[in-house]
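start_39.csv (CSV, N, CA and C atoms)
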chain,number,residue,atom,x,y,z
A,145,MET,N,2.7,-3.2,-68.4
A,145,MET,CA,3.8,-3.5,-67.5
A,145,MET,C,3.9,-2.3,-66.5
A,146,VAL,N,4.1,-2.7,-65.2
A,146,VAL,CA,4.1,-1.7,-64.1
A,146,VAL,C,5.5,-1.1,-64.1
A,147,ARG,N,5.6,0.2,-64.0
A,147,ARG,CA,6.8,0.9,-64.0
A,147,ARG,C,7.5,0.7,-62.6
A,148,LEU,N,8.8,0.7,-62.6
A,148,LEU,CA,9.6,0.5,-61.4
A,148,LEU,C,9.4,1.6,-60.4
A,149,ARG,N,9.2,2.8,-60.8
A,149,ARG,CA,9.0,3.9,-59.8
A,149,ARG,C,7.6,3.7,-59.1
A,150,TRP,N,6.6,3.1,-59.7
A,150,TRP,CA,5.3,2.8,-59.0
A,150,TRP,C,5.5,1.7,-58.0
A,151,VAL,N,6.3,0.8,-58.3
A,151,VAL,CA,6.6,-0.3,-57.4
A,151,VAL,C,7.4,0.2,-56.2
A,152,LEU,N,8.4,1.1,-56.4
A,152,LEU,CA,9.1,1.7,-55.3
A,152,LEU,C,8.3,2.6,-54.5
A,153,LEU,N,7.4,3.4,-55.1
A,153,LEU,CA,6.5,4.2,-54.3
A,153,LEU,C,5.5,3.4,-53.5
A,154,PHE,N,5.0,2.3,-54.0
A,154,PHE,CA,4.1,1.5,-53.2
A,154,PHE,C,4.8,0.8,-52.1
A,155,ALA,N,6.0,0.3,-52.3
A,155,ALA,CA,6.9,-0.3,-51.3
A,155,ALA,C,7.2,0.6,-50.2
A,156,SER,N,7.6,1.8,-50.6
A,156,SER,CA,8.0,2.8,-49.5
A,156,SER,C,6.7,3.2,-48.7
A,157,ILE,N,5.6,3.3,-49.3
A,157,ILE,CA,4.3,3.7,-48.6
A,157,ILE,C,4.0,2.6,-47.6
A,158,VAL,N,4.1,1.3,-48.1
A,158,VAL,CA,3.8,0.2,-47.2
A,158,VAL,C,4.8,0.1,-46.1
A,159,CYS,N,6.1,0.4,-46.3
A,159,CYS,CA,7.1,0.4,-45.3
A,159,CYS,C,6.8,1.5,-44.3
A,160,LEU,N,6.4,2.7,-44.8
A,160,LEU,CA,6.1,3.8,-43.9
A,160,LEU,C,4.9,3.5,-43.0
A,161,VAL,N,3.9,3.0,-43.6
A,161,VAL,CA,2.7,2.6,-42.8
A,161,VAL,C,3.0,1.5,-41.8
A,162,ALA,N,3.8,0.6,-42.1
A,162,ALA,CA,4.2,-0.4,-41.2
A,162,ALA,C,5.0,0.2,-40.0
A,163,ILE,N,5.9,1.1,-40.3
A,163,ILE,CA,6.7,1.7,-39.2
A,163,ILE,C,5.8,2.6,-38.3
A,164,MET,N,4.9,3.3,-39.0
A,164,MET,CA,4.0,4.2,-38.2
A,164,MET,C,3.1,3.3,-37.3
A,165,GLY,N,2.5,2.3,-37.9
A,165,GLY,CA,1.6,1.4,-37.1
A,165,GLY,C,2.3,0.7,-36.0
A,166,THR,N,3.5,0.3,-36.2
A,166,THR,CA,4.3,-0.3,-35.1
A,166,THR,C,4.6,0.7,-34.0
A,167,ALA,N,5.0,1.9,-34.4
A,167,ALA,CA,5.2,2.9,-33.4
A,167,ALA,C,4.0,3.2,-32.6
A,168,TYR,N,2.8,3.3,-33.3
A,168,TYR,CA,1.6,3.6,-32.7
A,168,TYR,C,1.2,2.6,-31.6
A,169,PHE,N,1.3,1.3,-32.0
A,169,PHE,CA,0.9,0.2,-31.1
A,169,PHE,C,1.9,0.1,-29.9
A,170,MET,N,3.1,0.4,-30.1
A,170,MET,CA,4.1,0.4,-29.0
A,170,MET,C,3.8,1.5,-28.0
A,171,GLU,N,3.4,2.7,-28.6
A,171,GLU,CA,3.0,3.8,-27.7
A,171,GLU,C,1.8,3.5,-26.9
A,172,ILE,N,0.8,2.8,-27.5
A,172,ILE,CA,-0.4,2.4,-26.8
A,172,ILE,C,-0.1,1.5,-25.7
A,173,ARG,N,0.8,0.5,-25.9
A,173,ARG,CA,1.3,-0.4,-24.9
A,173,ARG,C,2.0,0.3,-23.7
A,174,LYS,N,2.8,1.3,-24.0
A,174,LYS,CA,3.4,2.1,-23.0
A,174,LYS,C,2.4,2.9,-22.2
A,175,ILE,N,1.4,3.4,-22.8
A,175,ILE,CA,0.4,4.2,-22.1
A,175,ILE,C,-0.4,3.3,-21.2
A,176,LYS,N,-0.7,2.1,-21.6
A,176,LYS,CA,-1.4,1.1,-20.7
A,176,LYS,C,-0.6,0.7,-19.5
A,177,ARG,N,0.7,0.5,-19.8
A,177,ARG,CA,1.6,0.1,-18.7
A,177,ARG,C,1.8,1.2,-17.7
A,178,LEU,N,2.0,2.4,-18.2
A,178,LEU,CA,2.1,3.6,-17.3
A,178,LEU,C,0.9,3.9,-16.5
A,179,SER,N,-0.3,3.7,-17.1
A,179,SER,CA,-1.5,3.9,-16.4
A,179,SER,C,-1.7,2.9,-15.3
A,180,ARG,N,-1.3,1.6,-15.5
A,180,ARG,CA,-1.3,0.6,-14.5
A,180,ARG,C,-0.4,1.0,-13.3
A,181,LEU,N,0.8,1.4,-13.7
A,181,LEU,CA,1.8,1.8,-12.7
A,181,LEU,C,1.2,3.0,-11.9
A,182,LEU,N,0.6,4.0,-12.6
A,182,LEU,CA,0.0,5.1,-11.9
A,182,LEU,C,-1.1,4.7,-10.9
A,183,ASP,N,-1.9,3.8,-11.3
A,183,ASP,CA,-3.0,3.3,-10.4
A,183,ASP,C,-2.4,2.6,-9.2
A,184,LEU,N,-1.3,1.8,-9.4
A,184,LEU,CA,-0.6,1.2,-8.2
A,184,LEU,C,0.0,2.3,-7.3
A,185,LYS,N,0.6,3.3,-7.9
A,185,LYS,CA,1.2,4.3,-7.0
A,185,LYS,C,0.1,5.1,-6.3
A,186,MET,N,-1.0,5.4,-7.0
A,186,MET,CA,-2.1,6.1,-6.3
A,186,MET,C,-2.7,5.3,-5.2
A,187,GLU,N,-2.8,4.0,-5.3
A,187,GLU,CA,-3.3,3.1,-4.2
A,187,GLU,C,-2.3,3.2,-3.1
A,188,TYR,N,-1.0,3.1,-3.4
A,188,TYR,CA,0.0,3.2,-2.3
A,188,TYR,C,-0.1,4.6,-1.6
A,189,LEU,N,-0.3,5.6,-2.4
A,189,LEU,CA,-0.4,7.0,-1.8
A,189,LEU,C,-1.6,7.1,-0.9
A,190,VAL,N,-2.7,6.5,-1.3
A,190,VAL,CA,-3.9,6.6,-0.5
A,190,VAL,C,-3.7,5.8,0.8
A,191,GLU,N,-3.0,4.6,0.7
A,191,GLU,CA,-2.7,3.8,1.9
A,191,GLU,C,-1.8,4.6,2.8
A,192,LEU,N,-0.8,5.3,2.3
A,192,LEU,CA,0.1,6.1,3.1
A,192,LEU,C,-0.6,7.3,3.8
A,193,SER,N,-1.5,7.9,3.0
A,193,SER,CA,-2.2,9.0,3.6
A,193,SER,C,-3.2,8.6,4.7
A,194,ARG,N,-3.8,7.4,4.5
A,194,ARG,CA,-4.7,6.9,5.6
A,194,ARG,C,-3.8,6.6,6.9
A,195,LYS,N,-2.7,6.0,6.6
A,195,LYS,CA,-1.8,5.7,7.8
A,195,LYS,C,-1.3,7.0,8.4
A,196,ASN,N,-1.0,8.0,7.6
A,196,ASN,CA,-0.6,9.3,8.2
A,196,ASN,C,-1.7,9.9,9.0
A,197,GLN,N,-3.0,9.8,8.5
A,197,GLN,CA,-4.1,10.4,9.3
A,197,GLN,C,-4.3,9.6,10.6
A,198,GLU,N,-4.1,8.3,10.5
A,198,GLU,CA,-4.3,7.5,11.8
A,198,GLU,C,-3.2,7.9,12.8
A,199,MET,N,-2.0,8.1,12.3
A,199,MET,CA,-0.9,8.5,13.2
A,199,MET,C,-1.1,9.9,13.8
A,200,GLU,N,-1.6,10.8,12.9
A,200,GLU,CA,-1.9,12.1,13.4
A,200,GLU,C,-2.9,12.1,14.5
A,201,GLY,N,-3.9,11.2,14.3
A,201,GLY,CA,-5.0,11.1,15.4
A,201,GLY,C,-4.4,10.6,16.7
A,202,LYS,N,-3.5,9.5,16.5
A,202,LYS,CA,-2.9,9.0,17.7
A,202,LYS,C,-2.0,10.0,18.4
A,203,LEU,N,-1.3,10.8,17.6
A,203,LEU,CA,-0.4,11.8,18.2
A,203,LEU,C,-1.3,12.9,18.9
A,204,LYS,N,-2.4,13.3,18.4
A,204,LYS,CA,-3.3,14.2,19.0
A,204,LYS,C,-3.8,13.7,20.3
A,205,PHE,N,-4.2,12.4,20.3
A,205,PHE,CA,-4.8,11.7,21.5
A,205,PHE,C,-3.7,11.6,22.6
A,206,TYR,N,-2.5,11.1,22.2
A,206,TYR,CA,-1.5,10.8,23.2
A,206,TYR,C,-0.8,12.1,23.7
A,207,SER,N,-1.2,13.3,23.1
A,207,SER,CA,-0.6,14.5,23.7
A,207,SER,C,-1.6,15.1,24.7
A,208,THR,N,-2.8,14.5,24.9
A,208,THR,CA,-3.7,15.0,25.9
A,208,THR,C,-3.4,14.3,27.2
A,209,PRO,N,-3.9,14.8,28.3
A,209,PRO,CA,-3.7,14.1,29.6
A,209,PRO,C,-4.3,12.7,29.7
A,210,GLU,N,-5.5,12.5,29.0
A,210,GLU,CA,-6.1,11.2,29.0
A,210,GLU,C,-5.3,10.2,28.2
A,211,GLY,N,-4.7,10.7,27.1
A,211,GLY,CA,-3.8,9.8,26.3
A,211,GLY,C,-2.6,9.4,27.0
A,212,ILE,N,-2.0,10.4,27.7
A,212,ILE,CA,-0.8,10.1,28.5
A,212,ILE,C,-1.1,9.0,29.6
A,213,ALA,N,-2.2,9.2,30.3
A,213,ALA,CA,-2.6,8.3,31.3
A,213,ALA,C,-2.8,6.9,30.7
A,214,ARG,N,-3.5,6.8,29.6
A,214,ARG,CA,-3.7,5.5,29.0
A,214,ARG,C,-2.4,4.8,28.5
A,215,LEU,N,-1.5,5.6,28.0
A,215,LEU,CA,-0.2,5.1,27.6
A,215,LEU,C,0.5,4.6,28.8
A,216,ALA,N,0.5,5.3,29.9
A,216,ALA,CA,1.2,4.9,31.1
A,216,ALA,C,0.6,3.6,31.6
A,217,ARG,N,-0.7,3.5,31.5
A,217,ARG,CA,-1.4,2.2,32.0
A,217,ARG,C,-1.1,1.0,31.2
A,218,GLU,N,-1.1,1.2,29.9
A,218,GLU,CA,-1.0,0.1,28.9
A,218,GLU,C,0.5,-0.4,28.8
A,219,GLN,N,1.4,0.6,28.7
A,219,GLN,CA,2.8,0.1,28.4
A,219,GLN,C,3.6,0.0,29.7
A,220,PHE,N,3.3,0.8,30.7
A,220,PHE,CA,4.2,0.7,31.9
A,220,PHE,C,3.5,0.2,33.1
A,221,ASN,N,2.3,-0.2,33.0
A,221,ASN,CA,1.5,-0.8,34.1
A,221,ASN,C,1.5,0.2,35.3
A,222,MET,N,1.3,1.5,35.0
A,222,MET,CA,1.3,2.5,36.1
A,222,MET,C,-0.2,2.8,36.4
A,223,THR,N,-0.4,3.2,37.7
A,223,THR,CA,-1.7,3.5,38.2
A,223,THR,C,-1.7,4.8,38.9
A,224,PHE,N,-2.8,5.5,39.1
A,224,PHE,CA,-2.9,6.6,40.0
A,224,PHE,C,-2.8,6.2,41.4
A,225,PRO,N,-2.4,7.0,42.4
A,225,PRO,CA,-2.3,6.6,43.8
A,225,PRO,C,-3.6,6.1,44.4
A,226,SER,N,-4.7,6.6,43.9
A,226,SER,CA,-6.0,6.1,44.5
A,226,SER,C,-6.6,4.9,43.9
A,227,GLU,N,-5.9,4.4,42.8
A,227,GLU,CA,-6.4,3.2,42.1
A,227,GLU,C,-5.7,1.9,42.7
A,228,LYS,N,-6.4,0.8,42.5
A,228,LYS,CA,-5.9,-0.5,42.8
A,228,LYS,C,-5.7,-1.3,41.6
A,229,PHE,N,-4.6,-2.1,41.6
A,229,PHE,CA,-4.2,-2.9,40.4
A,229,PHE,C,-4.5,-4.3,40.8
A,230,TYR,N,-5.3,-5.0,39.9
A,230,TYR,CA,-5.7,-6.4,40.1
A,230,TYR,C,-5.1,-7.2,39.0
A,231,LYS,N,-4.4,-8.3,39.3
A,231,LYS,CA,-3.9,-9.2,38.4
A,231,LYS,C,-4.7,-10.5,38.4
A,232,ILE,N,-5.2,-10.8,37.2
A,232,ILE,CA,-6.1,-12.0,37.1
A,232,ILE,C,-5.3,-13.1,36.5
A,233,GLU,N,-5.2,-14.2,37.2
A,233,GLU,CA,-4.5,-15.4,36.7
A,233,GLU,C,-5.6,-16.5,36.4
A,234,ILE,N,-5.4,-17.1,35.3
A,234,ILE,CA,-6.4,-18.1,34.9
A,234,ILE,C,-5.7,-19.5,35.2
A,235,VAL,N,-6.4,-20.3,36.0
A,235,VAL,CA,-5.9,-21.6,36.3
A,235,VAL,C,-6.6,-22.6,35.5
A,236,SER,N,-5.9,-23.5,34.8
A,236,SER,CA,-6.5,-24.4,34.0
A,236,SER,C,-7.2,-25.5,34.8
A,237,ALA,N,-8.3,-26.0,34.4
A,237,ALA,CA,-9.1,-27.0,35.2
A,237,ALA,C,-8.8,-28.4,34.6
A,238,ASP,N,-8.0,-28.5,33.6
A,238,ASP,CA,-7.7,-29.8,33.0
A,238,ASP,C,-6.7,-30.6,33.7
A,239,GLY,N,-6.1,-30.1,34.7
A,239,GLY,CA,-5.1,-30.9,35.5
A,239,GLY,C,-3.7,-31.0,35.0
A,240,LEU,N,-3.5,-30.4,33.8
A,240,LEU,CA,-2.1,-30.4,33.3
A,240,LEU,C,-1.3,-29.3,33.8
A,241,SER,N,-0.1,-29.5,34.2
A,241,SER,CA,0.7,-28.5,34.7
A,241,SER,C,1.8,-28.1,33.7
A,242,LYS,N,2.4,-27.1,33.9
A,242,LYS,CA,3.5,-26.7,32.9
A,242,LYS,C,4.7,-27.6,33.0
A,243,ASP,N,4.9,-28.1,34.2
A,243,ASP,CA,6.1,-29.0,34.4
A,243,ASP,C,5.9,-30.4,33.7
A,244,ASN,N,4.6,-30.9,33.8
A,244,ASN,CA,4.3,-32.2,33.3
A,244,ASN,C,3.3,-32.1,32.2
A,245,PRO,N,3.7,-32.0,30.9
A,245,PRO,CA,2.7,-31.8,29.8
A,245,PRO,C,2.1,-33.1,29.5
Target format structure tokens, applied to this file:
Amino acid sequence: MVRLRWVLLFASIVCLVAIMGTAYFMEIRKIKRLSRLLDLKMEYLVELSRKNQEMEGKLKFYSTPEGIARLAREQFNMTFPSEKFYKIEIVSADGLSKDNP
């Protein structure tokens, strides 16, 4: 006949192993989740650093005289006094007008 204290010892060991195993697997899941979040944050950080480098390049370019001239031409349709401005209009050959669709 098995003594009661051996049964209690075996039950407590099984309970302790179950608790430790559960805690171990929960920590493994946390680690996996945190590493996925870290990967996402690193991708976002790389994206932001690329965007930052691109903006720094634009800032350097637009602070030069050539950059200022290009910005003036593109956004404000400005020209130098010796330049001519040509406006090209495309006329549709299909015969449809804007008034009569």
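You will find atom CA of Phe205 of chain A at 14.6 Å from atom CA of Arg217 of chain A.
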Requested in this report: Find the distance between atom C of Leu189 of chain A and atom N of Lys176 of chain A and write it in Å to one decimal.
Outcome: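 Atom N of Lys176 of chain A lies 21.3 Å from atom C of Leu189 of chain A.
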Report summary line: The distance between atom CA of Met199 of chain A and atom C of Gln219 of chain A is 19.1 Å
